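Presented below is the structure to which this report refers.
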Amino acid sequence: MDFKAHILNSLLDKYENSLHYQGKAKINRKITFSINQKSLPWYYDGEQPHLKKAIHQIVDQLSSQGIIFYKWLPYEKGNLLDCVWLNLEKIELAYKAVVRIPKRDQVREAVLELEDMLSVIKLRWLRDFIMDCLEELKEKQNFPLLLPLQKVQRDLLFRTFKGLEDKNDAVILERIFSIKYLGHSKAFQKEVKRLLTKIANQYLIKSPDYTEDEIIAELGIEKNSEEILVWGPISLQYGDTIIDYSKIPFGGVIDAKYLQDISISMTNVSKVITVENKTNFHYMVAQGDDEASRNSQLLIYVGGFPGPKKRQLLEKLYNMNPAISFYHWGDIDLGGFKIFNILSKVIPILEPLFMDEDTLLKYKDYCDEIDNRYIKQLEILMKNENYKTFWPVIKIMIRKKIRLEQEALLTEDKLGI
């Protein structure tokens with residue numbers, strides 16, 4: 001154990017988080033390291049008395065250099081130390097003694113880096129983050145919580161920012177993004193993803209409803225290719241190729257990354273139903289496999305959380321014909337409610353399908369139990385006006401401690417959709 005480094009780094013950590021460091025201290029309060037069982041357990045190891053002697057020598061040496069002051073416990077002079085504290089007039093010597101870069105120098109370096117980033121970053125939410133960081137660095141001489149102290153980590157974050165700026169609105173797979181902009185396929189996932197998620201949620205998404213992968217998908221970085229299953233009277237034109245899904249009895253797949261280059265047309269559609277789970281989508285396809293249904297009903301499998309490309313498709317369909325009815329069928333649970341809420345922001349007339357209290361009670365024998373932690377999350381939704389549509393069913397879920405996955409309804413031979 002390097003006792004000198006342990007003691008001085010502990011003192012410098014306290015100093016860099018104090019008003020003395022910021023130059024705002026009105027009282028000359030000591031920056032102290034108390035010597036006790038918790039802070040320095042080796043000092044009290046009776047089986048290794050040489051450790052206590054070594055600590056005494058280090059403290060005496062640092063004191064003779066003017067870096068610290070110290071005092072003994074009452075009536076224990078020369079035997080038991082009480083505490084040590086920094087000599088604030090010799091703070092530079094403390095940094096040199098442990099070969100530590102002063103935070104002021106790190107702050108100055110980070111300020112220059114951020115100012116350089118402002119010259120190349122145009123995305124509004126990233127500029128807002130950078131400017132907030134600059135303000136805190138300059139005013140408080142401290143690093144914001146979301147800005148890494150270590151230069152290596154900052155560099156990876158800033159390269160990620162430049163990657164987001166460079167790719168613009170393009171959708172790119174996570175590992176490809178990582179290789180292209182960070183130099184390694186796993187660098188983004190291991191070093192940047194979690195931090196970027198927090199920054200994006202605070203400055204762009206501003207919602208508690210999104211998971212880490214969902215937030216990253218909003219930035220156009222996908223863990224896997226985003227696919228959409230469709231069935232019904234819809235035609236897509238990509239280049240010179242026209243695909244008429246009304247002629248395909250089992251539906252088809254659309255790769256979401258091509259949607260921006262696809263022209264869409266649909267005829268005689270009176271109802272669009274989005275479905276959360278693939279099993280239920282195929283069930284509905286089989287149920288509606290007749291000419292009348294194929295000519296009036298469009299089914300879309302959204303596959304859980306609907307990313308930005310999927311939402312763009314749905315918004316385009318909604319704007320094509322305001323007279324069409326839109327429904328969403330999902331699980332009667334937290335995830336299902338949140339997916340519906342996200343979809344309803346692009347389709348204001350969206351209505352839930354089989355996501356009510358009658359359905360929950362009818363299939364109660366197929367429900368899963370929920371714990372108190374889950375109930376607390378449901379209670380949060382009960383205070384959110386965005387989920388008012390589901391308040392009646394949420395009340396029953398809380399009272400009976402149950403939730404229902406939409407596959408349970410497939411026990412019926414015919415749902416009458």
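Identifiers for the structure tokens are assigned positionally: chains receive A, B, ... in sequence, residues are indexed from 1 per chain, and ligands are indexed from 1 in the order shown.
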Mind listing the alpha helix (DSSP H) residues of region 148-331 of chain A, per DSSP on the backbone, as a PyMOL selection string?
chain A and resi 151-167+174-182+187+193-200+212-218+278-287+291-294+308-320
Write out as a list in words the set of residues from region 57-194 of chain A that DSSP, computed on the backbone, places in strand (DSSP E).
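Selection result, strand (DSSP E) within region 57-194 of chain A: Ile68, Phe69, Tyr70, Lys71, Trp72, Leu81, Asp82, Cys83, Val84, Trp85, Leu86, Ile172 and Leu173 of chain A.
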Can you tell me which residues surround Leu145 (chain A) at a distance of at most 12 Å, considering only C-alpha atoms, apart from same-chain residues fewer than 5 positions away, and format the answer as a list in words?
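Skipping anything fewer than 5 positions along the chain leaves Phe129, Asp132, Cys133, Glu136, Leu137, Leu195, Lys198 and Ile199 of chain A.
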Restricting the calculation to only C-alpha atoms, which member of A:Met382, A:Val111, A:Ile228, A:Ile342 is positioned closest to Phe143 (chain A)?
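For Phe143 (chain A), the nearest of the given residues is A:Val111.
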Can you work out which one of A:Lys30, A:Val120, A:Leu146, A:Tyr363 has the shortest atom-to-atom distance to Ser18 (chain A), counting only C-alpha atoms?
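Residue with the minimum atom-to-atom distance to Ser18 (chain A): A:Lys30.
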Counting only C-alpha atoms, what is within 7 Å of Lys401 (chain A), bar same-chain residues fewer than 3 positions away, as a list in words?
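The residues that qualify are Glu369, Ile370, Met397 and Ile398 of chain A.
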Residue neighbourhood Ile216 (chain A), 10 Å, only C-alpha atoms, exclusion window fewer than 2 positions, as a ChimeraX atom specification:
/A:174,193-194,196-197,200-201,210-214,218-223,307
Writer output for current selection, C-alpha atoms, as a PDB file, in the first residue's frame:
```pdb
ATOM      1  CA  GLU A 174     -24.092   0.142 -33.460  1.00  0.00           C
ATOM      2  CA  LYS A 193     -23.107   4.129 -24.745  1.00  0.00           C
ATOM      3  CA  ARG A 194     -24.266   4.537 -21.159  1.00  0.00           C
ATOM      4  CA  LEU A 196     -24.333   9.132 -24.254  1.00  0.00           C
ATOM      5  CA  THR A 197     -27.715   7.716 -23.214  1.00  0.00           C
ATOM      6  CA  ALA A 200     -29.313  12.355 -24.923  1.00  0.00           C
ATOM      7  CA  ASN A 201     -32.118  11.730 -22.435  1.00  0.00           C
ATOM      8  CA  TYR A 210     -37.166   5.041 -22.969  1.00  0.00           C
ATOM      9  CA  THR A 211     -34.612   2.299 -22.323  1.00  0.00           C
ATOM     10  CA  GLU A 212     -30.928   2.693 -23.141  1.00  0.00           C
ATOM     11  CA  ASP A 213     -31.220   0.952 -26.528  1.00  0.00           C
ATOM     12  CA  GLU A 214     -34.354   2.925 -27.367  1.00  0.00           C
ATOM     13  CA  GLU A 218     -33.523   7.696 -31.498  1.00  0.00           C
ATOM     14  CA  LEU A 219     -30.047   8.919 -32.443  1.00  0.00           C
ATOM     15  CA  GLY A 220     -30.039   6.663 -35.502  1.00  0.00           C
ATOM     16  CA  ILE A 221     -27.756   4.011 -34.000  1.00  0.00           C
ATOM     17  CA  GLU A 222     -29.417   0.599 -34.000  1.00  0.00           C
ATOM     18  CA  LYS A 223     -28.326  -2.538 -32.206  1.00  0.00           C
ATOM     19  CA  GLY A 307     -37.794   3.462 -33.500  1.00  0.00           C
TER      20      GLY A 307
END
```
So which residues touch Ser39 (chain A) within 10 Å, counting only C-alpha atoms, skipping near sequence neighbours fewer than 3 positions away, as a list in words?
His6, Ile7, Ser10, Phe33, Ser34, Ile35, Asn36, Trp42 and Tyr43 of chain A
Could you list, as a ChimeraX atom specification, every residue within 12 Å of Val171 (chain A), counting only C-alpha atoms and ignoring same-chain residues fewer than 4 positions away?
/A:163-164,166-167,176-177,216-226,255-260,307-310
Atoms kept (N, CA and C atoms) for selection, written as a PDB file, in the first residue's frame:
```pdb
ATOM      1  N   GLY A 163     -19.196  11.751 -34.834  1.00  0.00           N
ATOM      2  CA  GLY A 163     -19.829  10.704 -35.625  1.00  0.00           C
ATOM      3  C   GLY A 163     -21.307  10.963 -35.822  1.00  0.00           C
ATOM      4  N   LEU A 164     -21.987  11.406 -34.771  1.00  0.00           N
ATOM      5  CA  LEU A 164     -23.408  11.743 -34.877  1.00  0.00           C
ATOM      6  C   LEU A 164     -23.611  12.891 -35.850  1.00  0.00           C
ATOM      7  N   ASP A 166     -21.558  13.676 -38.335  1.00  0.00           N
ATOM      8  CA  ASP A 166     -21.167  13.245 -39.676  1.00  0.00           C
ATOM      9  C   ASP A 166     -22.242  12.387 -40.344  1.00  0.00           C
ATOM     10  N   LYS A 167     -22.852  11.481 -39.589  1.00  0.00           N
ATOM     11  CA  LYS A 167     -23.836  10.577 -40.202  1.00  0.00           C
ATOM     12  C   LYS A 167     -25.163  11.279 -40.477  1.00  0.00           C
ATOM     13  N   ILE A 176     -21.044  -0.958 -36.447  1.00  0.00           N
ATOM     14  CA  ILE A 176     -20.461  -0.255 -37.585  1.00  0.00           C
ATOM     15  C   ILE A 176     -20.099   1.173 -37.181  1.00  0.00           C
ATOM     16  N   PHE A 177     -20.997   1.825 -36.436  1.00  0.00           N
ATOM     17  CA  PHE A 177     -20.718   3.175 -35.927  1.00  0.00           C
ATOM     18  C   PHE A 177     -19.452   3.153 -35.080  1.00  0.00           C
ATOM     19  N   ILE A 216     -30.697   5.295 -27.791  1.00  0.00           N
ATOM     20  CA  ILE A 216     -29.659   5.254 -28.811  1.00  0.00           C
ATOM     21  C   ILE A 216     -30.279   5.098 -30.201  1.00  0.00           C
ATOM     22  N   ALA A 217     -31.372   4.334 -30.295  1.00  0.00           N
ATOM     23  CA  ALA A 217     -32.063   4.183 -31.582  1.00  0.00           C
ATOM     24  C   ALA A 217     -32.614   5.512 -32.069  1.00  0.00           C
ATOM     25  N   GLU A 218     -33.030   6.374 -31.120  1.00  0.00           N
ATOM     26  CA  GLU A 218     -33.523   7.696 -31.498  1.00  0.00           C
ATOM     27  C   GLU A 218     -32.422   8.535 -32.143  1.00  0.00           C
ATOM     28  N   LEU A 219     -31.177   8.201 -31.858  1.00  0.00           N
ATOM     29  CA  LEU A 219     -30.047   8.919 -32.443  1.00  0.00           C
ATOM     30  C   LEU A 219     -29.635   8.329 -33.783  1.00  0.00           C
ATOM     31  N   GLY A 220     -30.354   7.289 -34.224  1.00  0.00           N
ATOM     32  CA  GLY A 220     -30.039   6.663 -35.502  1.00  0.00           C
ATOM     33  C   GLY A 220     -28.945   5.621 -35.409  1.00  0.00           C
ATOM     34  N   ILE A 221     -28.729   5.087 -34.191  1.00  0.00           N
ATOM     35  CA  ILE A 221     -27.756   4.011 -34.000  1.00  0.00           C
ATOM     36  C   ILE A 221     -28.514   2.794 -33.503  1.00  0.00           C
ATOM     37  N   GLU A 222     -28.607   1.768 -34.322  1.00  0.00           N
ATOM     38  CA  GLU A 222     -29.417   0.599 -34.000  1.00  0.00           C
ATOM     39  C   GLU A 222     -28.552  -0.585 -33.603  1.00  0.00           C
ATOM     40  N   LYS A 223     -29.035  -1.335 -32.610  1.00  0.00           N
ATOM     41  CA  LYS A 223     -28.326  -2.538 -32.206  1.00  0.00           C
ATOM     42  C   LYS A 223     -28.461  -3.601 -33.294  1.00  0.00           C
ATOM     43  N   ASN A 224     -29.648  -3.698 -33.863  1.00  0.00           N
ATOM     44  CA  ASN A 224     -29.906  -4.603 -34.979  1.00  0.00           C
ATOM     45  C   ASN A 224     -30.715  -3.847 -36.030  1.00  0.00           C
ATOM     46  N   SER A 225     -30.727  -4.373 -37.253  1.00  0.00           N
ATOM     47  CA  SER A 225     -31.513  -3.742 -38.309  1.00  0.00           C
ATOM     48  C   SER A 225     -32.985  -3.710 -37.915  1.00  0.00           C
ATOM     49  N   GLU A 226     -33.606  -2.562 -38.125  1.00  0.00           N
ATOM     50  CA  GLU A 226     -35.006  -2.382 -37.762  1.00  0.00           C
ATOM     51  C   GLU A 226     -35.886  -2.812 -38.935  1.00  0.00           C
ATOM     52  N   ASP A 255     -37.204  -3.296 -44.668  1.00  0.00           N
ATOM     53  CA  ASP A 255     -36.052  -2.851 -43.888  1.00  0.00           C
ATOM     54  C   ASP A 255     -36.183  -1.340 -43.696  1.00  0.00           C
ATOM     55  N   ALA A 256     -36.273  -0.920 -42.429  1.00  0.00           N
ATOM     56  CA  ALA A 256     -36.586   0.478 -42.118  1.00  0.00           C
ATOM     57  C   ALA A 256     -35.581   1.472 -42.691  1.00  0.00           C
ATOM     58  N   LYS A 257     -34.348   1.040 -42.900  1.00  0.00           N
ATOM     59  CA  LYS A 257     -33.350   2.006 -43.380  1.00  0.00           C
ATOM     60  C   LYS A 257     -33.619   2.474 -44.813  1.00  0.00           C
ATOM     61  N   TYR A 258     -34.481   1.736 -45.551  1.00  0.00           N
ATOM     62  CA  TYR A 258     -34.799   2.126 -46.915  1.00  0.00           C
ATOM     63  C   TYR A 258     -36.049   3.001 -47.013  1.00  0.00           C
ATOM     64  N   LEU A 259     -36.712   3.235 -45.886  1.00  0.00           N
ATOM     65  CA  LEU A 259     -38.001   3.934 -45.931  1.00  0.00           C
ATOM     66  C   LEU A 259     -37.901   5.336 -46.524  1.00  0.00           C
ATOM     67  N   GLN A 260     -36.786   6.009 -46.289  1.00  0.00           N
ATOM     68  CA  GLN A 260     -36.662   7.377 -46.788  1.00  0.00           C
ATOM     69  C   GLN A 260     -36.613   7.421 -48.318  1.00  0.00           C
ATOM     70  N   GLY A 307     -38.859   2.488 -33.270  1.00  0.00           N
ATOM     71  CA  GLY A 307     -37.794   3.462 -33.500  1.00  0.00           C
ATOM     72  C   GLY A 307     -38.243   4.591 -34.402  1.00  0.00           C
ATOM     73  N   PRO A 308     -37.370   5.563 -34.630  1.00  0.00           N
ATOM     74  CA  PRO A 308     -37.752   6.759 -35.405  1.00  0.00           C
ATOM     75  C   PRO A 308     -38.211   6.455 -36.818  1.00  0.00           C
ATOM     76  N   LYS A 309     -37.584   5.469 -37.488  1.00  0.00           N
ATOM     77  CA  LYS A 309     -37.979   5.147 -38.858  1.00  0.00           C
ATOM     78  C   LYS A 309     -39.376   4.549 -38.908  1.00  0.00           C
ATOM     79  N   LYS A 310     -39.684   3.675 -37.958  1.00  0.00           N
ATOM     80  CA  LYS A 310     -41.028   3.094 -37.905  1.00  0.00           C
ATOM     81  C   LYS A 310     -42.068   4.178 -37.651  1.00  0.00           C
TER      82      LYS A 310
END
```
Could you check which of A:Asn341, A:Lys151, A:Gln312, A:Lys26 is closest to Ser207 (chain A), using only C-alpha atoms?
A:Asn341
